[in-house]
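Student: Got a structure for you, questions after.
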Amino acid sequence: MIRHGESTCNTFNRLAGKIDVPLTYLGKRQALEGSKKCKDLVFDKIYVSPLQRAFETANIVLNNHSISKKNFYVDSRLKERDFGDFTLENKSILQKIHGIKEYEKAVNLDSQKMKRGETYQEFSGRVIDFFYKEIVPALEAGDKVIVISHKYVIELFCNLILEKPIEKKFDLRLPNAEVLEADKLLQYTKHENEKANIFKDWLVIHHHWVFTISLFIGLIMGYFQIKIETDPIILLSILMVATAITMARINIENSIEYIYDKNTLFLVFIRYLILPSIFILTIYFSTIKLNEVIATTILFLSAPTAIIALTISRSVGGFIMPTLSFTILASIVSLIPFTLAMSLFFNNNPFFVFYICFFVTGLSLLIPYLFILQARKLKPIRTAKIGERYAFLSILLISIFIILVSMSLGPISFVKILIATAIAVGLRVIAAIFSLSSHINSLDTYISMAYPNIFLIIVIASMIGHSLIEEIAILFLLPMFLLSIFDNWYSKFFYIQTNDTRLHSILNISKEN
């Protein structure tokens with residue numbers, strides 16, 4: 001049994017169901033890898049779902065095998081379940097609205113929350129009918145059979161083969177293009193735990209609460225003088241691993257398309273180069289009395305997009321890749337105003353600051369980007385699998401980072417918290433202004449600009465030795481993640497609805513759907 005390769009809906013975190021969507025570049029690579037895994041096997045029959053993503057996967061598998069076309073069967077009973085009004089919705093938003101447990105119940109069994117779709121009885125009825133009328137007779141005749149279908153179809157097969165009650169079906173987190181041999185199913189499924197999977201999803205969906213709690217834990221530990229001296233390189237290493245895991249489940253092969261988008265280039269140029277440079281030069285040459293608070297505020301304005309913005313975009317219904325393009329472009333462009341602010345306002349050597357910024361940006365972003373780009377090419381199934389299954393680990397790593405840096409603070413200044421809050425609100429106002437256009441990527445624009453790379457500022461401040469910048473940056477984490485509650489509400493105004501033709505165009509959905 002092989003689940004189809006990654007589809008366009010998979011990469012945008014949308015629930016496809018009966019909708020016919022094609023494979024992505026990674027999906028085709030996954031299908032090719034899947035075919036190589038079973039290249040030494042001889043199949044007598046191949047059964048395929050008629051939906052494009054499964055059919056494409058099957059053709060790639062067939063090109064690497066000599067199975068006769070007359071033994072190639074397309075069967076509509078192998079179609080994915082019709083998820084009704086859940087179809088094409090963002091999975092994370094559905095999980096937040098209905099709760100993860102209720103969402104799991106809806107897509108795996110039945111729930112009143114999911115309307116106008118196939119009931120579980122209707123779905124399981126056609127799949128079980130296929131299993132006992134096609135698979136069982138073929139196996140009894142001694143045939144070797146391959147089925148290329150969809151996640152929930154194959155997971156139902158798993159229950160039937162393992163003789164588990166179908167009414168107790170739960171999500172097995174089946175990766176795209178994973179090759180499952182029936183006699184090895186028990187080994188695969190024994191590592192799956194329903195409650196553990198739900199908890200891991202909760203950590204990702206509610207990451208802002210996890211980060212906020214981590215900050216308070218660190219501050220409390222610091223208050224009681226429980227401190228762990230952490231080298232900036234260790235902090236940087238934590239960011240590198242977290243970034244790599246986050247990127248593993250993003251369609252970064254197509255990021256170039258978004259990086260060269262004229263609208264994105266224009267917005268990044270204005271927001272991360274022109275705007276901060278104007279503020280820096282205006283204040284530097286004006287009669288305004290400069291203090292460290294003003295200087296630190298401008299420094300935050302010069303900061304690029306944080307990698308955590310990718311997770312946030314995914315969870316509020318953004319298209320993710322535009323956020324990645326903002327992250328990469330802003331990290332490069334912002335080197336100029338950031339270096340300028342550090343040298344003019346904090347009397348640092350500009351060449352030294354530029355070197356530190358380039359070093360930290362390169363290790364925390366560009367190296368993971370290039371590594372994952374290669375990994376997705378060489379090991380597409382495993383890389384995407386790690387990105388999906390261990391997304392919670394990137395949240396935990398960032399939480400560890402937050403605890404380690406926040407415990408270094410002494411008594412908390414209420415004034416500094418107010419300053420950090422004012423900066424966080426101000427950045428969101430700027431983000432809202434830049435995202436006012438009706439462009440389809442407005443949500444990603446807002447998220448990208450609302451979440452500066454505070455982690456990068458903390459590491460750089462620690463390396464250079466600016467305690468005030470580091471302290472305000474750490475305290476900035478509190479309003480930044482608490483304001484995520486506002487962002488969850490505000491993002492509804494930018495969310496692209498399922499009947500929007502622009503969404504259909506991005507997902508490459510044919511008009512026949």
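Each chain of the structure tokens is named A, B, ... in the order shown, its residues numbered from 1; ligands are numbered from 1 in display order.
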Using only C-alpha atoms, which residues sit within 10 Å of segment 229-245 of chain A once same-chain residues fewer than 3 positions away are excluded, as a PyMOL selection string?
Tutor: chain A and resi 248-250+306-308+310+360-373+383-384+386-398+400-402+404-405+407-408+455-456+458-463
Student: Which polymer residues have any atom within 7 Å of an atom of Lys45 of chain A, counting only C-alpha atoms, with same-chain residues fewer than 5 positions away left out, as a ChimeraX atom specification?
Tutor: /A:71-72,144-146
Student: Counting only C-alpha atoms, which of A:Thr212, A:Asn349, A:Ser277, A:Thr87 gets nearest to Ile298 of chain A?
Tutor: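 Answer, going by the shortest atom-to-atom distance: A:Ser277.
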Student: Looking only at strand (DSSP E) from DSSP on the backbone, list the matching residues of segment 9-169 of chain A as a PyMOL selection string.
Tutor: chain A and resi 45-48+72-74+145-149
Student: From the options A:Arg14, A:Leu78, A:Gly318, A:Gly222, which residue's atoms come nearest to Gly125 of chain A, counting only C-alpha atoms?
Tutor: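 Closest to Gly125 of chain A of all the choices is A:Leu78.
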Student: Which neighbours of Leu162 of chain A fall inside 9 Å, counting only C-alpha atoms, when residues of the same chain fewer than 5 positions from it are skipped, and could you give them as an mmCIF file with N, CA and C atoms, in the first residue's frame?
Tutor:
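Done, and the output landed in part-v4.cif:
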```cif
data_model
loop_
_atom_site.group_PDB
_atom_site.id
_atom_site.type_symbol
_atom_site.label_atom_id
_atom_site.label_comp_id
_atom_site.auth_asym_id
_atom_site.auth_seq_id
_atom_site.Cartn_x
_atom_site.Cartn_y
_atom_site.Cartn_z
ATOM 1 N N PHE A 157 -7.683 0.274 5.669
ATOM 2 C CA PHE A 157 -7.134 -1.035 5.292
ATOM 3 C C PHE A 157 -6.292 -1.613 6.437
ATOM 4 N N ALA A 182 1.885 -5.274 4.119
ATOM 5 C CA ALA A 182 0.864 -5.764 5.041
ATOM 6 C C ALA A 182 1.449 -6.534 6.225
ATOM 7 N N LEU A 185 2.785 -4.197 9.088
ATOM 8 C CA LEU A 185 1.896 -3.162 9.608
ATOM 9 C C LEU A 185 1.937 -3.061 11.120
ATOM 10 N N LEU A 186 1.979 -4.225 11.774
ATOM 11 C CA LEU A 186 1.965 -4.226 13.232
ATOM 12 C C LEU A 186 3.163 -3.462 13.780
#
```
